[in-house]
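protein.csv, holding CSV, C-alpha atoms:
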```csv
chain,number,residue,atom,x,y,z
A,1,MET,CA,-62.0,31.6,-72.6
A,2,ARG,CA,-60.5,29.0,-74.9
A,3,GLU,CA,-60.8,29.4,-78.6
A,4,THR,CA,-62.7,26.6,-80.4
A,5,GLU,CA,-62.0,25.5,-83.9
A,6,GLU,CA,-64.9,27.7,-85.0
A,7,HIS,CA,-63.4,30.7,-83.2
A,8,ARG,CA,-60.0,30.1,-84.8
A,9,ALA,CA,-61.6,29.8,-88.2
A,10,PHE,CA,-63.4,33.1,-87.7
A,11,ARG,CA,-60.2,34.8,-86.5
A,12,ALA,CA,-58.4,33.6,-89.6
A,13,MET,CA,-61.2,34.8,-91.9
A,14,VAL,CA,-61.4,38.3,-90.2
A,15,ARG,CA,-57.6,38.7,-90.3
A,16,ASP,CA,-57.5,37.8,-94.0
A,17,TYR,CA,-60.4,40.2,-94.7
A,18,VAL,CA,-58.6,43.1,-93.0
A,19,GLU,CA,-55.3,42.4,-94.8
A,20,ARG,CA,-56.9,41.9,-98.3
A,21,GLU,CA,-60.0,44.1,-98.3
A,22,ILE,CA,-59.3,46.9,-95.8
A,23,ASN,CA,-55.6,47.8,-95.4
A,24,PRO,CA,-55.0,48.3,-99.2
A,25,ASN,CA,-57.8,50.9,-99.2
A,26,ILE,CA,-56.8,52.8,-96.1
A,27,PRO,CA,-54.4,55.3,-97.9
A,28,ASP,CA,-57.2,56.5,-100.1
A,29,TRP,CA,-59.6,56.7,-97.2
A,30,GLU,CA,-57.1,58.7,-95.2
A,31,ALA,CA,-56.6,61.1,-98.1
A,32,ALA,CA,-60.3,61.5,-98.6
A,33,GLU,CA,-60.9,61.8,-94.8
A,34,MET,CA,-63.9,59.5,-95.3
A,35,MET,CA,-64.7,55.8,-95.6
A,36,PRO,CA,-67.5,54.3,-97.7
A,37,LEU,CA,-69.2,52.8,-94.7
A,38,HIS,CA,-72.3,51.5,-96.5
A,39,ASP,CA,-70.1,49.6,-98.9
A,40,ILE,CA,-67.7,48.3,-96.2
A,41,PHE,CA,-70.5,47.2,-93.8
A,42,SER,CA,-72.4,45.6,-96.6
A,43,SER,CA,-69.3,43.5,-97.5
A,44,MET,CA,-68.8,42.6,-93.8
A,45,ALA,CA,-72.4,41.6,-93.3
A,46,LYS,CA,-72.2,39.1,-96.1
A,47,LEU,CA,-69.4,37.4,-94.1
A,48,GLY,CA,-71.5,37.5,-90.9
A,49,MET,CA,-69.5,40.1,-89.0
A,50,LEU,CA,-72.1,42.7,-88.1
A,51,GLY,CA,-74.6,40.9,-86.0
A,52,LEU,CA,-72.5,38.3,-84.1
A,53,GLU,CA,-74.4,38.3,-80.8
A,54,TYR,CA,-77.8,39.5,-82.1
A,55,GLU,CA,-80.9,37.4,-82.7
A,56,PRO,CA,-81.0,35.5,-86.0
A,57,GLU,CA,-84.6,36.7,-86.6
A,58,TYR,CA,-83.2,40.2,-87.0
A,59,ASP,CA,-80.3,39.0,-89.2
A,60,GLY,CA,-77.9,38.4,-86.4
A,61,GLN,CA,-75.7,35.3,-85.9
A,62,GLY,CA,-76.7,34.3,-82.4
A,63,ALA,CA,-73.0,33.7,-81.6
A,64,ASP,CA,-71.2,33.8,-78.2
A,65,HIS,CA,-69.4,36.9,-77.0
A,66,PHE,CA,-66.0,35.6,-77.7
A,67,PHE,CA,-66.6,36.1,-81.4
A,68,THR,CA,-67.0,39.8,-80.7
A,69,VAL,CA,-63.7,39.8,-78.8
A,70,ILE,CA,-62.0,38.2,-81.8
A,71,LEU,CA,-63.6,40.7,-84.2
A,72,ALA,CA,-62.4,43.7,-82.1
A,73,GLU,CA,-58.9,42.3,-81.7
A,74,GLU,CA,-58.5,41.6,-85.4
A,75,PHE,CA,-59.9,44.9,-86.6
A,76,GLY,CA,-57.6,46.5,-84.1
A,77,ARG,CA,-54.8,45.3,-86.4
A,78,CYS,CA,-56.0,47.7,-89.2
A,79,ASP,CA,-53.5,50.2,-90.6
A,80,HIS,CA,-55.6,53.0,-89.0
A,81,GLY,CA,-57.9,53.4,-86.0
A,82,SER,CA,-60.8,54.9,-87.9
A,83,LEU,CA,-62.5,51.8,-89.1
A,84,PRO,CA,-62.2,49.8,-85.9
A,85,MET,CA,-63.9,52.8,-84.2
A,86,ALA,CA,-66.6,53.1,-86.8
A,87,LEU,CA,-67.3,49.4,-86.7
A,88,GLY,CA,-67.5,49.5,-82.9
A,89,VAL,CA,-70.1,52.2,-83.1
A,90,GLN,CA,-72.2,50.1,-85.5
A,91,VAL,CA,-72.1,46.8,-83.6
A,92,ASP,CA,-71.4,47.7,-79.9
A,93,MET,CA,-72.3,51.3,-79.3
A,94,ALA,CA,-75.4,52.4,-81.3
A,95,THR,CA,-77.2,49.0,-81.4
A,96,PRO,CA,-77.0,47.2,-78.0
A,97,SER,CA,-79.8,49.2,-76.3
A,98,LEU,CA,-82.0,48.6,-79.4
A,99,ALA,CA,-81.3,44.9,-79.4
A,100,LYS,CA,-81.9,44.6,-75.6
A,101,PHE,CA,-84.8,47.0,-75.0
A,102,GLY,CA,-86.3,47.6,-78.4
A,103,THR,CA,-89.7,46.4,-79.7
A,104,PRO,CA,-90.0,43.8,-82.4
A,105,GLU,CA,-91.1,46.6,-84.8
A,106,GLN,CA,-88.2,48.8,-83.9
A,107,LYS,CA,-85.8,45.9,-84.5
A,108,GLN,CA,-87.2,45.1,-87.9
A,109,GLN,CA,-87.1,48.7,-89.0
A,110,PHE,CA,-83.8,49.8,-87.6
A,111,LEU,CA,-81.7,46.9,-86.2
A,112,ALA,CA,-82.0,44.4,-89.0
A,113,PRO,CA,-80.9,46.8,-91.7
A,114,ALA,CA,-77.9,47.8,-89.6
A,115,LEU,CA,-76.9,44.1,-89.2
A,116,ARG,CA,-77.3,43.5,-92.9
A,117,GLY,CA,-75.0,46.5,-93.6
A,118,GLU,CA,-77.8,48.4,-95.4
A,119,ALA,CA,-77.9,51.1,-92.8
A,120,VAL,CA,-75.2,53.0,-90.9
A,121,ALA,CA,-75.9,53.6,-87.2
A,122,SER,CA,-74.6,56.2,-84.8
A,123,ILE,CA,-74.8,57.0,-81.1
A,124,ALA,CA,-75.5,60.6,-80.1
A,125,VAL,CA,-74.9,61.3,-76.4
A,126,SER,CA,-72.1,63.9,-76.0
A,127,GLU,CA,-72.8,67.6,-76.4
A,128,PRO,CA,-70.6,70.7,-76.9
A,129,ASP,CA,-70.6,71.5,-73.2
A,130,HIS,CA,-71.1,68.0,-71.9
A,131,GLY,CA,-68.9,65.1,-73.0
A,132,SER,CA,-68.2,62.6,-70.2
A,133,ASP,CA,-70.7,64.5,-68.0
A,134,VAL,CA,-73.8,62.7,-69.4
A,135,ALA,CA,-75.9,63.9,-66.5
A,136,GLY,CA,-75.6,67.4,-67.7
A,137,ILE,CA,-76.9,67.0,-71.3
A,138,ARG,CA,-79.4,69.6,-72.4
A,139,THR,CA,-80.9,68.3,-75.7
A,140,ARG,CA,-84.6,68.0,-75.0
A,141,ALA,CA,-87.5,66.0,-76.5
A,142,VAL,CA,-90.9,67.5,-75.6
A,143,ARG,CA,-93.9,65.3,-76.2
A,144,ASP,CA,-96.6,66.6,-78.6
A,145,GLY,CA,-99.3,64.0,-79.0
A,146,ASP,CA,-97.7,60.9,-80.5
A,147,GLU,CA,-94.4,62.7,-81.4
A,148,TRP,CA,-91.3,63.9,-79.7
A,149,VAL,CA,-90.1,67.4,-80.7
A,150,ILE,CA,-86.3,67.4,-80.3
A,151,ASN,CA,-84.2,70.6,-79.9
A,152,GLY,CA,-80.5,70.8,-79.1
A,153,SER,CA,-77.1,69.7,-80.3
A,154,LYS,CA,-74.7,66.8,-80.1
A,155,MET,CA,-71.0,66.8,-80.7
A,156,TRP,CA,-68.1,64.3,-81.3
A,157,ILE,CA,-70.6,62.0,-83.1
A,158,THR,CA,-68.8,59.2,-85.0
A,159,ASN,CA,-70.3,58.0,-88.3
A,160,SER,CA,-72.8,60.9,-88.2
A,161,LEU,CA,-72.2,62.2,-91.7
A,162,GLN,CA,-73.1,58.8,-93.2
A,163,ALA,CA,-75.6,57.6,-90.6
A,164,ASP,CA,-79.1,56.5,-91.5
A,165,TRP,CA,-80.3,56.7,-88.0
A,166,LEU,CA,-79.1,57.8,-84.6
A,167,CYS,CA,-79.6,56.5,-81.1
A,168,VAL,CA,-80.1,59.9,-79.3
A,169,LEU,CA,-80.1,60.4,-75.6
A,170,ALA,CA,-82.4,63.4,-74.7
A,171,ARG,CA,-84.2,64.8,-71.8
A,172,THR,CA,-87.9,63.9,-71.9
A,173,SER,CA,-88.9,65.5,-68.5
A,174,ASP,CA,-88.0,68.4,-66.3
A,175,GLU,CA,-86.2,66.1,-63.8
A,176,GLY,CA,-82.5,67.1,-63.6
A,177,GLY,CA,-79.3,65.1,-63.3
A,178,TYR,CA,-79.6,61.4,-64.1
A,179,ALA,CA,-83.4,61.3,-64.2
A,180,GLY,CA,-85.8,62.0,-67.0
A,181,MET,CA,-83.8,61.0,-70.0
A,182,SER,CA,-84.8,58.7,-72.9
A,183,GLN,CA,-83.1,57.0,-75.8
A,184,ILE,CA,-84.8,57.9,-79.1
A,185,ILE,CA,-84.2,56.6,-82.6
A,186,VAL,CA,-83.9,59.5,-85.0
A,187,PRO,CA,-83.7,58.8,-88.7
A,188,THR,CA,-81.3,61.3,-90.3
A,189,ASP,CA,-83.7,62.2,-93.1
A,190,THR,CA,-86.1,63.6,-90.5
A,191,PRO,CA,-86.8,67.4,-91.1
A,192,GLY,CA,-85.1,69.5,-88.4
A,193,PHE,CA,-82.0,67.3,-88.2
A,194,SER,CA,-78.8,68.5,-89.7
A,195,VAL,CA,-75.0,68.1,-89.5
A,196,SER,CA,-73.9,71.6,-88.6
A,197,LYS,CA,-70.2,71.0,-88.9
A,198,ARG,CA,-67.7,68.3,-89.8
A,199,LEU,CA,-65.0,68.2,-87.1
A,200,ASP,CA,-61.3,68.4,-88.1
A,201,LYS,CA,-59.5,66.0,-85.7
A,202,LEU,CA,-55.9,65.3,-84.7
A,203,GLY,CA,-56.3,61.6,-85.5
A,204,MET,CA,-58.9,59.2,-86.8
A,205,ARG,CA,-58.8,61.3,-90.0
A,206,ALA,CA,-60.9,58.8,-92.1
A,207,SER,CA,-63.7,58.7,-89.5
A,208,ASP,CA,-66.5,61.2,-90.1
A,209,THR,CA,-67.3,63.1,-86.9
A,210,GLY,CA,-69.9,65.8,-86.7
A,211,LEU,CA,-71.6,68.5,-84.7
A,212,LEU,CA,-75.3,67.8,-85.0
A,213,SER,CA,-78.3,70.1,-84.7
A,214,PHE,CA,-81.9,69.3,-83.8
A,215,ASP,CA,-84.3,72.1,-84.6
A,216,ASP,CA,-87.9,71.1,-83.9
A,217,CYS,CA,-87.0,67.7,-85.2
A,218,ARG,CA,-90.1,65.5,-84.9
A,219,VAL,CA,-90.1,61.7,-84.5
A,220,PRO,CA,-92.7,59.3,-83.3
A,221,VAL,CA,-92.8,58.5,-79.6
A,222,ALA,CA,-92.9,54.9,-80.8
A,223,ASN,CA,-89.2,55.4,-81.6
A,224,THR,CA,-88.4,55.5,-77.9
A,225,ILE,CA,-86.1,52.6,-77.0
A,226,GLY,CA,-87.2,50.8,-73.9
A,227,GLU,CA,-88.9,52.7,-71.1
A,228,ILE,CA,-89.5,56.5,-71.2
A,229,GLY,CA,-87.3,58.1,-68.5
A,230,ARG,CA,-84.9,55.2,-68.3
A,231,GLY,CA,-82.5,56.4,-71.0
A,232,PHE,CA,-79.6,57.2,-68.7
A,233,GLN,CA,-79.6,53.8,-67.2
A,234,GLN,CA,-79.9,52.1,-70.6
A,235,GLN,CA,-77.1,54.3,-71.9
A,236,MET,CA,-74.8,53.4,-69.0
A,237,ALA,CA,-75.2,49.7,-69.9
A,238,GLN,CA,-74.4,50.5,-73.5
A,239,PHE,CA,-71.3,52.3,-72.4
A,240,VAL,CA,-70.1,49.2,-70.6
A,241,VAL,CA,-70.2,47.3,-73.9
A,242,GLU,CA,-68.5,50.2,-75.7
A,243,ARG,CA,-65.6,50.2,-73.2
A,244,MET,CA,-65.2,46.5,-73.6
A,245,TRP,CA,-64.9,46.8,-77.4
A,246,GLY,CA,-62.3,49.6,-76.9
A,247,ALA,CA,-60.2,47.4,-74.6
A,248,TYR,CA,-60.5,44.4,-76.9
A,249,SER,CA,-59.3,46.3,-80.0
A,250,VAL,CA,-56.3,47.7,-78.2
A,251,VAL,CA,-54.9,44.2,-78.0
A,252,GLY,CA,-54.8,43.8,-81.7
A,253,ALA,CA,-53.4,47.3,-82.3
A,254,GLY,CA,-50.7,46.8,-79.7
A,255,GLU,CA,-49.7,43.4,-81.1
A,256,ILE,CA,-49.2,44.6,-84.7
A,257,ALA,CA,-47.4,47.8,-83.5
A,258,LEU,CA,-44.9,45.8,-81.5
A,259,ALA,CA,-44.4,43.2,-84.2
A,260,ARG,CA,-43.8,45.9,-86.9
A,261,THR,CA,-41.4,47.7,-84.6
A,262,ALA,CA,-39.4,44.6,-83.8
A,263,GLU,CA,-39.2,43.8,-87.6
A,264,TYR,CA,-37.9,47.3,-88.3
A,265,LEU,CA,-35.3,47.1,-85.5
A,266,ARG,CA,-33.9,43.9,-86.8
A,267,GLU,CA,-33.3,45.5,-90.2
A,268,ARG,CA,-32.0,48.9,-88.9
A,269,HIS,CA,-28.3,48.7,-88.1
A,270,VAL,CA,-26.4,51.2,-86.0
A,271,PHE,CA,-22.9,51.0,-84.7
A,272,GLY,CA,-22.4,47.7,-86.5
A,273,GLU,CA,-25.3,45.8,-85.2
A,274,PRO,CA,-29.2,45.7,-85.4
A,275,LEU,CA,-30.9,48.1,-83.1
A,276,LEU,CA,-32.8,45.2,-81.7
A,277,ALA,CA,-29.5,43.9,-80.2
A,278,LYS,CA,-29.6,46.7,-77.7
A,279,GLN,CA,-30.7,45.3,-74.3
A,280,TYR,CA,-32.6,48.5,-73.4
A,281,ILE,CA,-34.8,48.2,-76.5
A,282,GLN,CA,-35.3,44.4,-75.9
A,283,PHE,CA,-36.4,45.0,-72.3
A,284,LYS,CA,-38.8,47.9,-73.2
A,285,LEU,CA,-40.5,45.9,-75.9
A,286,THR,CA,-40.7,42.9,-73.6
A,287,GLU,CA,-42.3,45.0,-70.8
A,288,LEU,CA,-44.9,46.4,-73.2
A,289,SER,CA,-45.6,42.9,-74.6
A,290,ALA,CA,-46.1,41.6,-71.1
A,291,GLU,CA,-48.5,44.4,-70.2
A,292,LEU,CA,-50.4,43.7,-73.4
A,293,ASP,CA,-50.7,40.0,-72.5
A,294,LEU,CA,-52.1,41.0,-69.1
A,295,LEU,CA,-54.7,43.1,-70.7
A,296,ARG,CA,-55.6,40.3,-73.2
A,297,THR,CA,-56.0,37.9,-70.3
A,298,TYR,CA,-58.1,40.3,-68.3
A,299,ASN,CA,-60.2,41.1,-71.4
A,300,HIS,CA,-60.9,37.4,-71.8
A,301,SER,CA,-61.9,37.1,-68.1
A,302,ILE,CA,-64.4,40.0,-68.7
A,303,ALA,CA,-65.7,38.2,-71.8
A,304,GLU,CA,-66.4,35.1,-69.7
A,305,ARG,CA,-68.3,37.0,-67.1
A,306,TYR,CA,-70.2,39.0,-69.7
A,307,GLN,CA,-71.1,35.7,-71.5
A,308,ALA,CA,-72.4,34.3,-68.1
A,309,GLY,CA,-74.7,37.4,-67.7
A,310,ASP,CA,-72.6,39.0,-64.9
A,311,ASP,CA,-72.4,42.8,-64.4
A,312,THR,CA,-69.0,43.8,-65.9
A,313,THR,CA,-69.2,47.5,-65.2
A,314,ARG,CA,-66.2,47.6,-62.9
A,315,GLN,CA,-64.1,45.3,-65.0
A,316,ALA,CA,-64.9,47.1,-68.2
A,317,THR,CA,-63.9,50.4,-66.6
A,318,ILE,CA,-60.6,49.0,-65.4
A,319,ALA,CA,-59.9,47.5,-68.8
A,320,LYS,CA,-60.7,50.7,-70.7
A,321,LEU,CA,-58.5,52.8,-68.4
A,322,THR,CA,-55.7,50.3,-68.7
A,323,ALA,CA,-56.0,50.0,-72.4
A,324,GLY,CA,-56.0,53.7,-73.0
A,325,ARG,CA,-52.8,54.2,-71.0
A,326,LEU,CA,-51.1,51.2,-72.4
A,327,ILE,CA,-51.7,51.9,-76.1
A,328,ARG,CA,-50.3,55.5,-75.5
A,329,LYS,CA,-47.1,54.0,-74.1
A,330,ILE,CA,-46.8,51.5,-77.0
A,331,ALA,CA,-47.4,54.2,-79.6
A,332,ASP,CA,-44.9,56.5,-78.0
A,333,GLU,CA,-42.1,53.9,-77.6
A,334,CYS,CA,-42.6,52.5,-81.1
A,335,LEU,CA,-42.3,55.9,-82.6
A,336,GLN,CA,-39.2,56.7,-80.5
A,337,PHE,CA,-37.5,53.5,-81.6
A,338,HIS,CA,-38.1,54.3,-85.2
A,339,GLY,CA,-36.2,57.6,-84.8
A,340,GLY,CA,-36.7,60.3,-87.4
A,341,ILE,CA,-38.5,58.0,-89.8
A,342,GLY,CA,-41.1,57.4,-87.1
A,343,TYR,CA,-41.9,61.1,-87.1
A,344,VAL,CA,-42.9,61.5,-90.8
A,345,GLU,CA,-46.4,60.9,-92.1
A,346,GLU,CA,-45.3,58.4,-94.6
A,347,ASN,CA,-44.6,55.9,-91.8
A,348,TRP,CA,-47.3,54.1,-89.9
A,349,THR,CA,-46.0,55.3,-86.5
A,350,ALA,CA,-47.2,58.9,-86.8
A,351,ARG,CA,-50.8,57.9,-87.6
A,352,PHE,CA,-50.7,55.2,-84.9
A,353,LEU,CA,-49.7,57.8,-82.3
A,354,ARG,CA,-52.4,60.2,-83.4
A,355,ASP,CA,-55.2,57.7,-83.7
A,356,ASN,CA,-54.6,55.8,-80.5
A,357,ARG,CA,-54.4,58.9,-78.4
A,358,LEU,CA,-58.2,59.0,-78.5
A,359,THR,CA,-58.5,55.8,-76.4
A,360,SER,CA,-57.9,57.7,-73.2
A,361,ILE,CA,-60.6,60.3,-74.1
A,362,GLY,CA,-63.4,58.8,-76.1
A,363,GLY,CA,-66.1,56.7,-74.4
A,364,GLY,CA,-65.2,58.3,-71.0
A,365,ALA,CA,-61.9,60.0,-70.3
A,366,ASP,CA,-59.3,58.3,-68.0
A,367,GLU,CA,-60.3,60.7,-65.2
A,368,VAL,CA,-64.0,59.7,-65.5
A,369,MET,CA,-62.9,56.0,-65.4
A,370,LEU,CA,-61.1,56.7,-62.2
A,371,GLN,CA,-64.1,58.6,-60.8
A,372,VAL,CA,-66.3,55.6,-61.5
A,373,LEU,CA,-63.9,53.2,-59.9
A,374,ALA,CA,-63.4,55.4,-56.8
A,375,ARG,CA,-67.2,55.3,-56.4
A,376,LEU,CA,-67.5,51.6,-57.0
A,377,ASP,CA,-64.6,50.7,-54.7
A,378,GLY,CA,-65.7,53.0,-51.9
A,379,PHE,CA,-62.8,55.4,-52.1
A,380,THR,CA,-64.9,58.5,-51.7
A,381,ALA,CA,-65.6,60.8,-48.8
```

Translate the structure described by the file into structure tokens.
Amino acid sequence: MRETEEHRAFRAMVRDYVEREINPNIPDWEAAEMMPLHDIFSSMAKLGMLGLEYEPEYDGQGADHFFTVILAEEFGRCDHGSLPMALGVQVDMATPSLAKFGTPEQKQQFLAPALRGEAVASIAVSEPDHGSDVAGIRTRAVRDGDEWVINGSKMWITNSLQADWLCVLARTSDEGGYAGMSQIIVPTDTPGFSVSKRLDKLGMRASDTGLLSFDDCRVPVANTIGEIGRGFQQQMAQFVVERMWGAYSVVGAGEIALARTAEYLRERHVFGEPLLAKQYIQFKLTELSAELDLLRTYNHSIAERYQAGDDTTRQATIAKLTAGRLIRKIADECLQFHGGIGYVEENWTARFLRDNRLTSIGGGADEVMLQVLARLDGFTA
């Protein structure tokens, strides 16, 4: 995909916003281990960043998918990984099913406020005993007249301490495995819902992540997204978009990490010359930059196919697997080339290593990506 003048203007605006409005606040957010998402999203919505591909009648911008690619790449350049992840949840993880399968009433009540930055959204799929194994989830929603009565727990839920509503995947029948699940919108002020515990994580320290409990939590059956019993299939489609966002954002993160490392190595002198004069270091950084360019090009190919309405499940899985492995290499090499200063918390490299380790775990671990690809490509017995 080739950037138009409008795309380039949008990229410049987003980059300026990240540098002026986001990065200066990150030290305080990291110290507080929380970001004011309502304030941040409200500010972003005023600039048209939250509803890029969604319908204008629900306060979206009706733009093409390449604007989302640019948004993810530029927010990947943030000084931490917490906000890019929180933003991804808002625009590409909790809302796609609602936008695609939701009723007009649901969209007016839940989607439009999220796109205006008035409501924080979250996606609740993983459970304490079932992360990537979505088919094994146990949270149940039993119908009682016109209401679902939900019982169970969800874990690793991003934005959950500040969320106004959740897109919850729950079992709505006795069918096992992939069958009998539904996606249900649960407002967080519903009696019976609670955040049982805030999780203390290795990285993404400014992102609020919770263990959630549902104890006879009642919501209208009218809050079901799409068809009852088709929740698993809808969630799998939502995962595809999530994985694309993750791969897109890695490009921005890798770019800024390599640029900062090169800048440091030009200034850092050892044995009478800049560290960047060492051929080994030059070659390592060049290899990583080349791999990042391959990922960028592949991402843009995915974006073209997605924009054309093609199924991008396989390509998104490849990109997510590749991105997770690549950003781990970039984080490790950048820290290594910084030496001792790279190992202290006052330098960006330590946080970068911790934050980006999640890419190979969240949204489907590397091993699950390989399992999906083995099945799609016919490499199974």

Item to complete: Identify, on the basis of all atoms listed in the file, every residue whose closest approach to region 82-96 of chain A does not exceed 8 Å; exclude the query and any residue fewer than 3 positions from it along the same chain; express the result as a ChimeraX atom specification.
Response: /A:35,50-51,72,75-76,78,99-100,111,114-115,120-123,158-159,166-167,204-207,238-239,241-242,245-246,249,355

Just to be explicit: take each residue in the selection above, keep C-alpha atoms, and write the result as a JSON list (two decimals), in the frame of the given file.
```json
[["chain", "number", "residue", "atom", "x", "y", "z"],
["A", 35, "MET", "CA", -64.70, 55.80, -95.60],
["A", 50, "LEU", "CA", -72.10, 42.70, -88.10],
["A", 51, "GLY", "CA", -74.60, 40.90, -86.00],
["A", 72, "ALA", "CA", -62.40, 43.70, -82.10],
["A", 75, "PHE", "CA", -59.90, 44.90, -86.60],
["A", 76, "GLY", "CA", -57.60, 46.50, -84.10],
["A", 78, "CYS", "CA", -56.00, 47.70, -89.20],
["A", 99, "ALA", "CA", -81.30, 44.90, -79.40],
["A", 100, "LYS", "CA", -81.90, 44.60, -75.60],
["A", 111, "LEU", "CA", -81.70, 46.90, -86.20],
["A", 114, "ALA", "CA", -77.90, 47.80, -89.60],
["A", 115, "LEU", "CA", -76.90, 44.10, -89.20],
["A", 120, "VAL", "CA", -75.20, 53.00, -90.90],
["A", 121, "ALA", "CA", -75.90, 53.60, -87.20],
["A", 122, "SER", "CA", -74.60, 56.20, -84.80],
["A", 123, "ILE", "CA", -74.80, 57.00, -81.10],
["A", 158, "THR", "CA", -68.80, 59.20, -85.00],
["A", 159, "ASN", "CA", -70.30, 58.00, -88.30],
["A", 166, "LEU", "CA", -79.10, 57.80, -84.60],
["A", 167, "CYS", "CA", -79.60, 56.50, -81.10],
["A", 204, "MET", "CA", -58.90, 59.20, -86.80],
["A", 205, "ARG", "CA", -58.80, 61.30, -90.00],
["A", 206, "ALA", "CA", -60.90, 58.80, -92.10],
["A", 207, "SER", "CA", -63.70, 58.70, -89.50],
["A", 238, "GLN", "CA", -74.40, 50.50, -73.50],
["A", 239, "PHE", "CA", -71.30, 52.30, -72.40],
["A", 241, "VAL", "CA", -70.20, 47.30, -73.90],
["A", 242, "GLU", "CA", -68.50, 50.20, -75.70],
["A", 245, "TRP", "CA", -64.90, 46.80, -77.40],
["A", 246, "GLY", "CA", -62.30, 49.60, -76.90],
["A", 249, "SER", "CA", -59.30, 46.30, -80.00],
["A", 355, "ASP", "CA", -55.20, 57.70, -83.70]]
```

Item to complete: Find, counting all atoms listed in the file, the residue in A:Val270, A:Val195, A:Val250, A:Leu212 that gets nearest to Asn356 (chain A).
Response: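 Distance minimum relative to Asn356 (chain A) lands on A:Val250.
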
Worksheet item: What is the distance between CA of Tyr264 (chain A) and CA of Tyr343 (chain A), in Å to one decimal?
Response: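 The value is 14.4 Å.
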
Worksheet item: Which is closest to Gln233 (chain A) among A:Ser97, A:Gly364, A:Met1, A:Gly309, if we use only C-alpha atoms?
Response: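 Using only C-alpha atoms, Gln233 (chain A) sits closest to A:Ser97.
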
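The gap separating CA of Asp129 (chain A) from CA of Thr188 (chain A) is 22.6 Å, in Å to one decimal.
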
Ala124 (chain A): which residues within 8 Å, counting only C-alpha atoms, same-chain residues fewer than 6 positions away excluded, as a PDB file with C-alpha atoms, in the frame of the given file?
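This went into around13.pdb:
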```
ATOM      1  CA  LYS A 154     -74.700  66.800 -80.100  1.00  0.00           C
ATOM      2  CA  MET A 155     -71.000  66.800 -80.700  1.00  0.00           C
ATOM      3  CA  ILE A 157     -70.600  62.000 -83.100  1.00  0.00           C
ATOM      4  CA  LEU A 166     -79.100  57.800 -84.600  1.00  0.00           C
ATOM      5  CA  CYS A 167     -79.600  56.500 -81.100  1.00  0.00           C
ATOM      6  CA  VAL A 168     -80.100  59.900 -79.300  1.00  0.00           C
ATOM      7  CA  LEU A 169     -80.100  60.400 -75.600  1.00  0.00           C
TER       8      LEU A 169
END
```

Worksheet item: For Gln307 (chain A), which of A:Ala257, A:Ala163, A:Leu98, A:Ala63 is the closest residue, counting only C-alpha atoms?
Response: A:Ala63

Worksheet item: Do you know which residues are at most 8 Å from region 296-298 of chain A counting all atoms listed in the file, after dropping those on the same chain fewer than 5 positions away, and could you put them as a list of chain:residue names?
Response: A:Tyr248, A:Val251, A:Ala319

Worksheet item: What does the distance from CA of Val125 (chain A) to CA of Arg351 (chain A) come to in Å, to one decimal?
Response: 26.8 Å
